[in-house]
$ cat coords.tsv   # TSV, C-alpha atoms
chain	number	residue	atom	x	y	z
A	1	MET	CA	85.96	120.74	127.39
A	2	GLU	CA	83.57	118.22	128.94
A	3	GLY	CA	80.76	117.46	126.55
A	4	PHE	CA	82.68	118.91	123.56
A	5	ARG	CA	83.08	116.29	120.84
A	6	ILE	CA	83.47	116.42	117.06
A	7	PRO	CA	81.70	113.33	115.59
A	8	VAL	CA	84.21	112.69	112.78
A	9	GLY	CA	83.58	108.95	112.92
A	10	GLU	CA	79.81	109.39	112.50
A	11	TRP	CA	80.35	111.73	109.54
A	12	VAL	CA	82.60	109.19	107.82
A	13	SER	CA	80.17	106.37	108.62
A	14	ASN	CA	77.27	108.36	107.14
A	15	GLY	CA	79.37	109.12	104.06
A	16	LEU	CA	80.18	105.44	103.55
A	17	ASP	CA	76.49	104.52	103.96
A	18	TRP	CA	75.60	107.16	101.33
A	19	ILE	CA	78.15	105.70	98.91
A	20	LYS	CA	76.85	102.20	99.50
A	21	ASP	CA	73.24	103.27	98.90
A	22	ASN	CA	73.94	105.38	95.80
A	23	ALA	CA	76.75	103.50	94.04
A	24	GLU	CA	75.42	99.97	94.29
A	25	GLY	CA	75.86	99.28	90.58
A	26	LEU	CA	79.49	100.45	90.54
A	27	LEU	CA	80.32	98.46	93.69
A	28	ASP	CA	78.71	95.33	92.21
A	29	ALA	CA	80.76	95.77	89.00
A	30	VAL	CA	84.00	96.19	91.00
A	31	ASP	CA	83.10	93.16	93.11
A	32	THR	CA	82.42	90.98	90.08
A	33	GLY	CA	85.48	92.16	88.18
A	34	LEU	CA	88.00	91.74	91.00
A	35	GLU	CA	86.61	88.40	92.14
A	36	GLY	CA	86.70	87.09	88.58
A	37	ALA	CA	90.27	88.33	88.05
A	38	VAL	CA	91.63	86.78	91.25
A	39	ASP	CA	89.73	83.51	90.79
A	40	GLY	CA	90.84	83.30	87.15
A	41	LEU	CA	94.51	83.90	87.94
A	42	THR	CA	94.34	81.43	90.84
A	43	ALA	CA	92.90	78.81	88.49
A	44	VAL	CA	95.71	79.47	86.00
A	45	LEU	CA	98.39	79.12	88.70
A	46	LEU	CA	96.88	75.91	90.06
A	47	ALA	CA	96.11	74.33	86.66
A	48	PRO	CA	99.60	72.89	85.94
A	49	PRO	CA	101.31	70.45	88.31
A	50	ALA	CA	103.15	72.21	91.10
A	51	LEU	CA	106.54	70.96	89.86
A	52	ALA	CA	105.90	72.40	86.39
A	53	LEU	CA	105.05	75.84	87.77
A	54	ILE	CA	108.06	75.72	90.10
A	55	ALA	CA	110.25	75.05	87.04
A	56	VAL	CA	108.72	78.07	85.29
A	57	LEU	CA	109.30	80.29	88.35
A	58	ALA	CA	112.90	79.05	88.60
A	59	LEU	CA	113.43	79.82	84.90
A	60	ILE	CA	112.10	83.35	85.46
A	61	GLY	CA	114.54	83.76	88.35
A	62	TRP	CA	117.44	82.51	86.21
A	63	LEU	CA	116.48	84.68	83.21
A	64	LEU	CA	116.21	87.87	85.26
A	65	ARG	CA	118.68	87.39	88.13
A	66	SER	CA	120.96	84.35	88.44
A	67	TRP	CA	121.16	80.56	88.60
A	68	LYS	CA	121.46	80.89	92.38
A	69	LEU	CA	117.98	82.42	92.54
A	70	ALA	CA	116.73	79.58	90.32
A	71	VAL	CA	118.11	76.96	92.71
A	72	GLY	CA	116.76	78.86	95.72
A	73	THR	CA	113.37	79.13	94.03
A	74	VAL	CA	113.19	75.37	93.43
A	75	LEU	CA	114.20	74.48	97.00
A	76	SER	CA	111.98	77.07	98.72
A	77	PHE	CA	108.86	76.33	96.67
A	78	LEU	CA	109.39	72.59	97.15
A	79	LEU	CA	109.32	73.35	100.88
A	80	VAL	CA	105.97	75.12	100.36
A	81	VAL	CA	104.63	72.02	98.57
A	82	ALA	CA	106.00	69.75	101.30
A	83	MET	CA	104.21	71.84	103.97
A	84	ASP	CA	100.95	71.40	102.02
A	85	MET	CA	100.75	75.17	101.55
A	86	TRP	CA	100.91	75.22	97.74
A	87	GLU	CA	97.25	76.04	97.05
A	88	PRO	CA	96.95	78.87	99.64
A	89	ALA	CA	100.33	80.21	98.46
A	90	MET	CA	99.05	80.45	94.88
A	91	GLN	CA	95.82	82.09	96.11
A	92	THR	CA	97.91	84.69	97.92
A	93	LEU	CA	100.18	85.14	94.89
A	94	ALA	CA	97.14	85.74	92.66
A	95	LEU	CA	95.72	88.32	95.09
A	96	VAL	CA	99.06	90.12	95.33
A	97	LEU	CA	99.64	90.17	91.56
A	98	ILE	CA	96.16	91.51	90.75
A	99	ALA	CA	96.38	94.16	93.49
A	100	THR	CA	99.91	95.13	92.41
A	101	VAL	CA	98.99	95.53	88.74
A	102	ILE	CA	96.03	97.78	89.60
A	103	ALA	CA	98.08	99.78	92.13
A	104	VAL	CA	100.90	100.32	89.62
A	105	VAL	CA	98.46	101.32	86.85
A	106	VAL	CA	97.10	104.01	89.19
A	107	ALA	CA	100.36	104.98	90.95
A	108	VAL	CA	102.69	105.58	87.99
A	109	PRO	CA	100.43	108.10	86.14
A	110	LEU	CA	99.75	109.88	89.45
A	111	GLY	CA	103.50	110.03	90.11
A	112	ILE	CA	104.10	111.47	86.63
A	113	LEU	CA	101.41	114.12	87.20
A	114	ALA	CA	102.90	114.98	90.60
A	115	ALA	CA	106.37	115.30	89.06
A	116	ARG	CA	105.10	117.71	86.41
A	117	SER	CA	102.89	119.85	88.64
A	118	ASP	CA	103.81	121.25	92.04
A	119	ALA	CA	100.10	121.85	92.74
A	120	VAL	CA	99.24	118.18	92.12
A	121	SER	CA	102.22	117.12	94.23
A	122	ALA	CA	101.12	119.38	97.11
A	123	ALA	CA	97.56	118.03	96.89
A	124	LEU	CA	98.64	114.39	96.77
A	125	ARG	CA	101.21	114.54	99.60
A	126	PRO	CA	98.76	114.73	102.56
A	127	VAL	CA	96.54	112.09	100.97
A	128	LEU	CA	99.50	109.72	100.61
A	129	ASP	CA	100.59	110.51	104.19
A	130	PHE	CA	97.10	109.62	105.38
A	131	MET	CA	97.08	106.37	103.38
A	132	GLN	CA	100.49	105.29	104.71
A	133	THR	CA	99.89	106.14	108.37
A	134	MET	CA	96.34	104.80	108.72
A	135	PRO	CA	96.49	101.39	110.47
A	136	ALA	CA	96.13	98.60	107.90
A	137	PHE	CA	93.24	96.96	109.73
A	138	VAL	CA	91.10	100.13	109.39
A	139	TYR	CA	90.98	99.70	105.60
A	140	LEU	CA	89.07	96.47	106.07
A	141	ILE	CA	86.10	98.24	107.71
A	142	PRO	CA	84.79	100.22	104.69
A	143	THR	CA	85.76	97.52	102.19
A	144	VAL	CA	83.85	94.84	104.11
A	145	LEU	CA	80.91	97.29	104.36
A	146	PHE	CA	80.94	97.73	100.57
A	147	PHE	CA	81.77	94.18	99.43
A	148	SER	CA	80.95	91.91	102.41
A	149	ILE	CA	83.57	89.32	103.37
A	150	GLY	CA	85.68	87.45	100.80
A	151	VAL	CA	88.58	88.13	98.48
A	152	VAL	CA	87.34	91.47	97.06
A	153	PRO	CA	87.63	93.57	100.27
A	154	GLY	CA	91.09	92.05	100.65
A	155	VAL	CA	92.11	93.14	97.15
A	156	VAL	CA	90.69	96.68	97.52
A	157	SER	CA	92.36	97.13	100.94
A	158	THR	CA	95.64	95.85	99.52
A	159	ILE	CA	95.49	98.28	96.57
A	160	ILE	CA	94.87	101.29	98.86
A	161	PHE	CA	97.55	100.26	101.35
A	162	SER	CA	100.27	99.51	98.78
A	163	LEU	CA	99.72	102.43	96.36
A	164	PRO	CA	101.60	105.36	98.06
A	165	PRO	CA	105.23	104.22	97.52
A	166	GLY	CA	104.52	103.73	93.81
A	167	VAL	CA	103.37	107.36	93.50
A	168	ARG	CA	106.15	108.82	95.66
A	169	LEU	CA	109.04	106.98	93.98
A	170	THR	CA	107.72	107.63	90.47
A	171	GLU	CA	107.59	111.36	91.25
A	172	LEU	CA	111.03	111.21	92.89
A	173	GLY	CA	112.55	109.37	89.92
A	174	ILE	CA	111.22	111.78	87.31
A	175	ARG	CA	112.09	114.88	89.33
A	176	GLY	CA	115.62	113.48	89.73
A	177	VAL	CA	116.29	113.31	85.98
A	178	ASP	CA	119.06	115.69	84.91
A	179	ARG	CA	117.43	119.01	83.82
A	180	GLU	CA	120.07	119.54	81.12
A	181	LYS	CA	119.01	116.35	79.35
A	182	VAL	CA	115.37	117.42	79.46
A	183	GLU	CA	116.28	120.88	78.16
A	184	ALA	CA	118.32	119.26	75.38
A	185	GLY	CA	115.20	117.31	74.40
A	186	HIS	CA	113.21	120.55	74.23
A	187	ALA	CA	116.02	122.17	72.21
A	188	PHE	CA	115.74	119.41	69.58
A	189	GLY	CA	112.00	120.01	69.30
A	190	ALA	CA	110.76	116.99	71.23
A	191	THR	CA	107.25	117.16	72.65
A	192	ASN	CA	106.52	116.65	76.35
A	193	GLY	CA	105.29	113.13	75.59
A	194	GLN	CA	108.46	112.27	73.63
A	195	ILE	CA	110.65	113.63	76.45
A	196	LEU	CA	108.68	111.60	78.99
A	197	ARG	CA	108.95	108.35	77.00
A	198	GLY	CA	112.46	108.85	75.62
A	199	ILE	CA	114.32	110.58	78.47
A	200	GLN	CA	112.51	110.80	81.80
A	201	LEU	CA	110.97	107.33	82.11
A	202	PRO	CA	114.13	105.44	80.97
A	203	LEU	CA	116.40	107.45	83.30
A	204	ALA	CA	113.95	107.13	86.19
A	205	SER	CA	113.26	103.44	85.59
A	206	ARG	CA	115.45	102.22	88.46
A	207	THR	CA	113.67	104.44	91.01
A	208	ILE	CA	110.27	103.55	89.55
A	209	MET	CA	111.08	99.82	89.80
A	210	THR	CA	112.10	100.37	93.42
A	211	GLY	CA	108.64	101.85	93.97
A	212	ILE	CA	106.99	98.87	92.27
A	213	ASN	CA	109.07	96.57	94.46
A	214	GLN	CA	107.78	98.39	97.54
A	215	VAL	CA	104.22	98.14	96.22
A	216	ILE	CA	104.62	94.37	95.94
A	217	MET	CA	106.08	94.02	99.42
A	218	LEU	CA	103.31	96.11	101.00
A	219	ALA	CA	100.69	94.21	98.99
A	220	LEU	CA	102.07	90.93	100.33
A	221	SER	CA	101.99	92.16	103.93
A	222	MET	CA	98.43	93.47	103.49
A	223	ALA	CA	97.31	90.25	101.79
A	224	VAL	CA	98.02	88.47	105.08
A	225	VAL	CA	95.95	91.04	107.01
A	226	ALA	CA	93.20	90.61	104.40
A	227	GLY	CA	92.74	87.06	105.70
A	228	ILE	CA	90.67	88.66	108.47
A	229	ALA	CA	88.16	89.74	105.81
A	230	GLY	CA	87.86	86.16	104.58
A	231	ALA	CA	90.24	86.30	101.62
A	232	ASP	CA	91.51	82.82	100.84
A	233	GLY	CA	95.22	82.15	101.03
A	234	LEU	CA	98.04	82.13	103.54
A	235	GLY	CA	96.56	85.10	105.43
A	236	LYS	CA	93.38	83.16	106.19
A	237	ILE	CA	95.48	80.29	107.58
A	238	VAL	CA	97.52	82.71	109.73
A	239	VAL	CA	94.31	84.22	111.15
A	240	ALA	CA	92.89	80.74	111.85
A	241	SER	CA	96.19	79.77	113.52
A	242	ILE	CA	96.00	82.79	115.83
A	243	SER	CA	92.39	82.06	116.82
A	244	THR	CA	93.20	78.39	117.60
A	245	LEU	CA	96.78	78.95	118.89
A	246	ASN	CA	97.99	76.46	116.27
A	247	VAL	CA	101.69	77.36	116.28
A	248	ALA	CA	102.77	74.76	113.72
A	249	GLN	CA	100.19	75.84	111.15
A	250	GLY	CA	100.97	79.51	111.73
A	251	VAL	CA	104.70	78.98	111.25
A	252	GLU	CA	104.17	77.04	108.01
A	253	ALA	CA	101.84	79.70	106.60
A	254	GLY	CA	104.31	82.40	107.65
A	255	LEU	CA	107.15	80.57	105.88
A	256	GLY	CA	105.01	80.44	102.74
A	257	VAL	CA	104.65	84.23	102.87
A	258	VAL	CA	108.41	84.61	103.32
A	259	VAL	CA	109.11	82.42	100.27
A	260	LEU	CA	106.75	84.49	98.10
A	261	ALA	CA	108.22	87.75	99.42
A	262	ILE	CA	111.84	86.76	98.73
A	263	PHE	CA	111.07	85.51	95.20
A	264	LEU	CA	109.06	88.61	94.23
A	265	ASP	CA	111.61	90.96	95.80
A	266	ARG	CA	114.61	89.41	94.01
A	267	VAL	CA	112.88	89.30	90.64
A	268	THR	CA	111.54	92.88	90.73
A	269	SER	CA	114.80	94.32	92.09
A	270	ALA	CA	116.68	92.63	89.22
A	271	LEU	CA	114.34	94.34	86.73
A	272	GLY	CA	115.36	97.74	88.06
A	273	SER	CA	119.10	97.19	88.57
A	274	ARG	CA	121.73	96.08	86.07
A	275	GLU	CA	124.09	95.17	88.94
A	276	ASP	CA	121.51	92.71	90.27
A	277	SER	CA	121.01	91.10	86.85
A	278	ARG	CA	124.63	90.66	85.70
A	279	GLY	CA	124.50	86.94	86.44
A	280	SER	CA	121.18	86.42	84.68
A	281	LEU	CA	120.75	84.09	81.75
A	282	LEU	CA	119.64	87.04	79.61
A	283	ALA	CA	122.86	88.94	80.44
A	284	VAL	CA	125.03	85.89	79.65
A	285	LEU	CA	123.31	85.26	76.30
A	286	SER	CA	123.55	88.96	75.42
A	287	ALA	CA	127.29	88.99	76.19
A	288	ARG	CA	127.88	85.91	74.02
A	289	ARG	CA	126.03	87.52	71.10
A	290	ARG	CA	128.22	90.63	71.36
A	291	THR	CA	131.54	88.73	71.63
A	292	PRO	CA	131.73	87.38	68.00
A	293	ALA	CA	130.77	90.81	66.67
A	294	VAL	CA	133.60	92.44	68.61
A	295	ALA	CA	136.08	89.72	67.54
A	296	SER	CA	135.18	90.12	63.86
$ encode --input "coords.tsv" --output "structure tokens"
Amino acid sequence: MEGFRIPVGEWVSNGLDWIKDNAEGLLDAVDTGLEGAVDGLTAVLLAPPALALIAVLALIGWLLRSWKLAVGTVLSFLLVVAMDMWEPAMQTLALVLIATVIAVVVAVPLGILAARSDAVSAALRPVLDFMQTMPAFVYLIPTVLFFSIGVVPGVVSTIIFSLPPGVRLTELGIRGVDREKVEAGHAFGATNGQILRGIQLPLASRTIMTGINQVIMLALSMAVVAGIAGADGLGKIVVASISTLNVAQGVEAGLGVVVLAIFLDRVTSALGSREDSRGSLLAVLSARRRTPAVAS
């Protein structure tokens, strides 16, 4: 077999060069749009005083989960401020939120299509396997080739890396809906769209939210790797800490990532589970509104 070699890498490299040469306008539009979205959201997050935004985040935690999450949110984000990591933490949060929104907008419809068509599901499965098993660092190579260094290759890499669980769990949730309930919808003359909106999506919402939760967690892990491509935020500080062996700075940036991960995980898991949101402010207010009606 000496001398036998299949130049797969050269073929892919030539293909990427062809895309770069022939889709320059599209790549420029994507670059401008993503950079503007991340910079705009970062500016919004950094516009109010840190304490005011922490209060808002704590209120979100209380509304959706519990007062314990609110207290934990205040204490953990105050630690981020005290470590002087507030600005990079908000830059990372903006990158993760933009990448997550785009990934979910793509993943959920793909998951619905896969749930309704075995052919689509069979075609998507190897692609998703490829996306999930490819080392995360490899995604940075084509994105840096297309968009140079900065926040945009980080966002694009994060979208690609975090998208598969959103598709898989959306398909799993819809396929897991009781067939008898779907058939009952057909028996009452409901269209496929009405069955999707009225039966399948509500019953599959917990599984779909689990998928969105996984998308957020993967986006956060990839946002740190994206620091290698020059994306501002905690990832960039972690990369600089590694190159200079600055343990203290690396630990502080890592703690900032942990704080963001715990907050986003608790909030999104509460959206998909009633058990997780029983102690929320919304649940308490809803129970109080029902009590007088029952008593009367």
$ closest_atom_pairs --input "coords.tsv" --of "range 212-247 of chain A" --to "range 145-149 of chain A" --cutoff "10 Å" --atoms "all atoms listed in the file" --output "tab-separated table"
residue	atom	partner	partner_atom	distance
A:Ala226	CA	A:Ile149	CA	9.8
A:Gly227	CA	A:Ile149	CA	9.7
A:Ile228	CA	A:Ile149	CA	8.8
A:Ala229	CA	A:Ile149	CA	5.2
A:Gly230	CA	A:Ile149	CA	5.5
A:Ala231	CA	A:Ile149	CA	7.5
$ closest_residue --input "coords.tsv" --among "A:Ile54, A:Met90, A:Ala283, A:Ala184" --to "Gly72 in chain A" --atoms "only C-alpha atoms"
A:Ile54
$ residues_near_point --input "coords.tsv" --point "(112.2, 109.0, 88.5)" --cutoff "10 Å" --atoms "all atoms listed in the file" --output "list in words"
Gly111, Ile112, Ala115, Arg168, Leu169, Thr170, Glu171, Leu172, Gly173, Ile174, Arg175, Gly176, Val177, Gln200, Leu201, Pro202, Leu203, Ala204, Ser205, Arg206, Thr207, Ile208, Met209, Thr210 and Gly211 of chain A
$ residues_around --input "coords.tsv" --residues "Ala94 in chain A" --least-positions-apart "2" --cutoff "9 Å" --atoms "only C-alpha atoms" --output "mmCIF file with C-alpha atoms, keeping the file's coordinate frame"
data_model
loop_
_atom_site.group_PDB
_atom_site.id
_atom_site.type_symbol
_atom_site.label_atom_id
_atom_site.label_comp_id
_atom_site.auth_asym_id
_atom_site.auth_seq_id
_atom_site.Cartn_x
_atom_site.Cartn_y
_atom_site.Cartn_z
ATOM 1 C CA ALA A 37 90.270 88.330 88.050
ATOM 2 C CA VAL A 38 91.630 86.780 91.250
ATOM 3 C CA ASP A 39 89.730 83.510 90.790
ATOM 4 C CA GLY A 40 90.840 83.300 87.150
ATOM 5 C CA LEU A 41 94.510 83.900 87.940
ATOM 6 C CA THR A 42 94.340 81.430 90.840
ATOM 7 C CA LEU A 45 98.390 79.120 88.700
ATOM 8 C CA ALA A 89 100.330 80.210 98.460
ATOM 9 C CA MET A 90 99.050 80.450 94.880
ATOM 10 C CA GLN A 91 95.820 82.090 96.110
ATOM 11 C CA THR A 92 97.910 84.690 97.920
ATOM 12 C CA VAL A 96 99.060 90.120 95.330
ATOM 13 C CA LEU A 97 99.640 90.170 91.560
ATOM 14 C CA ILE A 98 96.160 91.510 90.750
ATOM 15 C CA ALA A 99 96.380 94.160 93.490
#
$ atom_distance --input "coords.tsv" --atom1 "CA of Phe161 in chain A" --atom2 "CA of Gly235 in chain A"
15.7 Å
$ atom_distance --input "coords.tsv" --atom1 "CA of Val106 in chain A" --atom2 "CA of Ile212 in chain A"
11.6 Å
$ residues_around --input "coords.tsv" --residues "Pro109 in chain A" --least-positions-apart "4" --cutoff "8 Å" --atoms "only C-alpha atoms" --output "list in words"
Val105, Leu113 and Val167 of chain A
$ residues_around --input "coords.tsv" --residues "Val81 in chain A" --least-positions-apart "3" --cutoff "12 Å" --atoms "only C-alpha atoms" --output "PyMOL selection string"
chain A and resi 49-51+53-54+74-78+84-90+252-253+255-256+259
$ closest_residue --input "coords.tsv" --among "A:Ile160, A:Met217, A:Ala240, A:Ile141" --to "Leu16 in chain A" --atoms "all atoms listed in the file"
A:Ile141
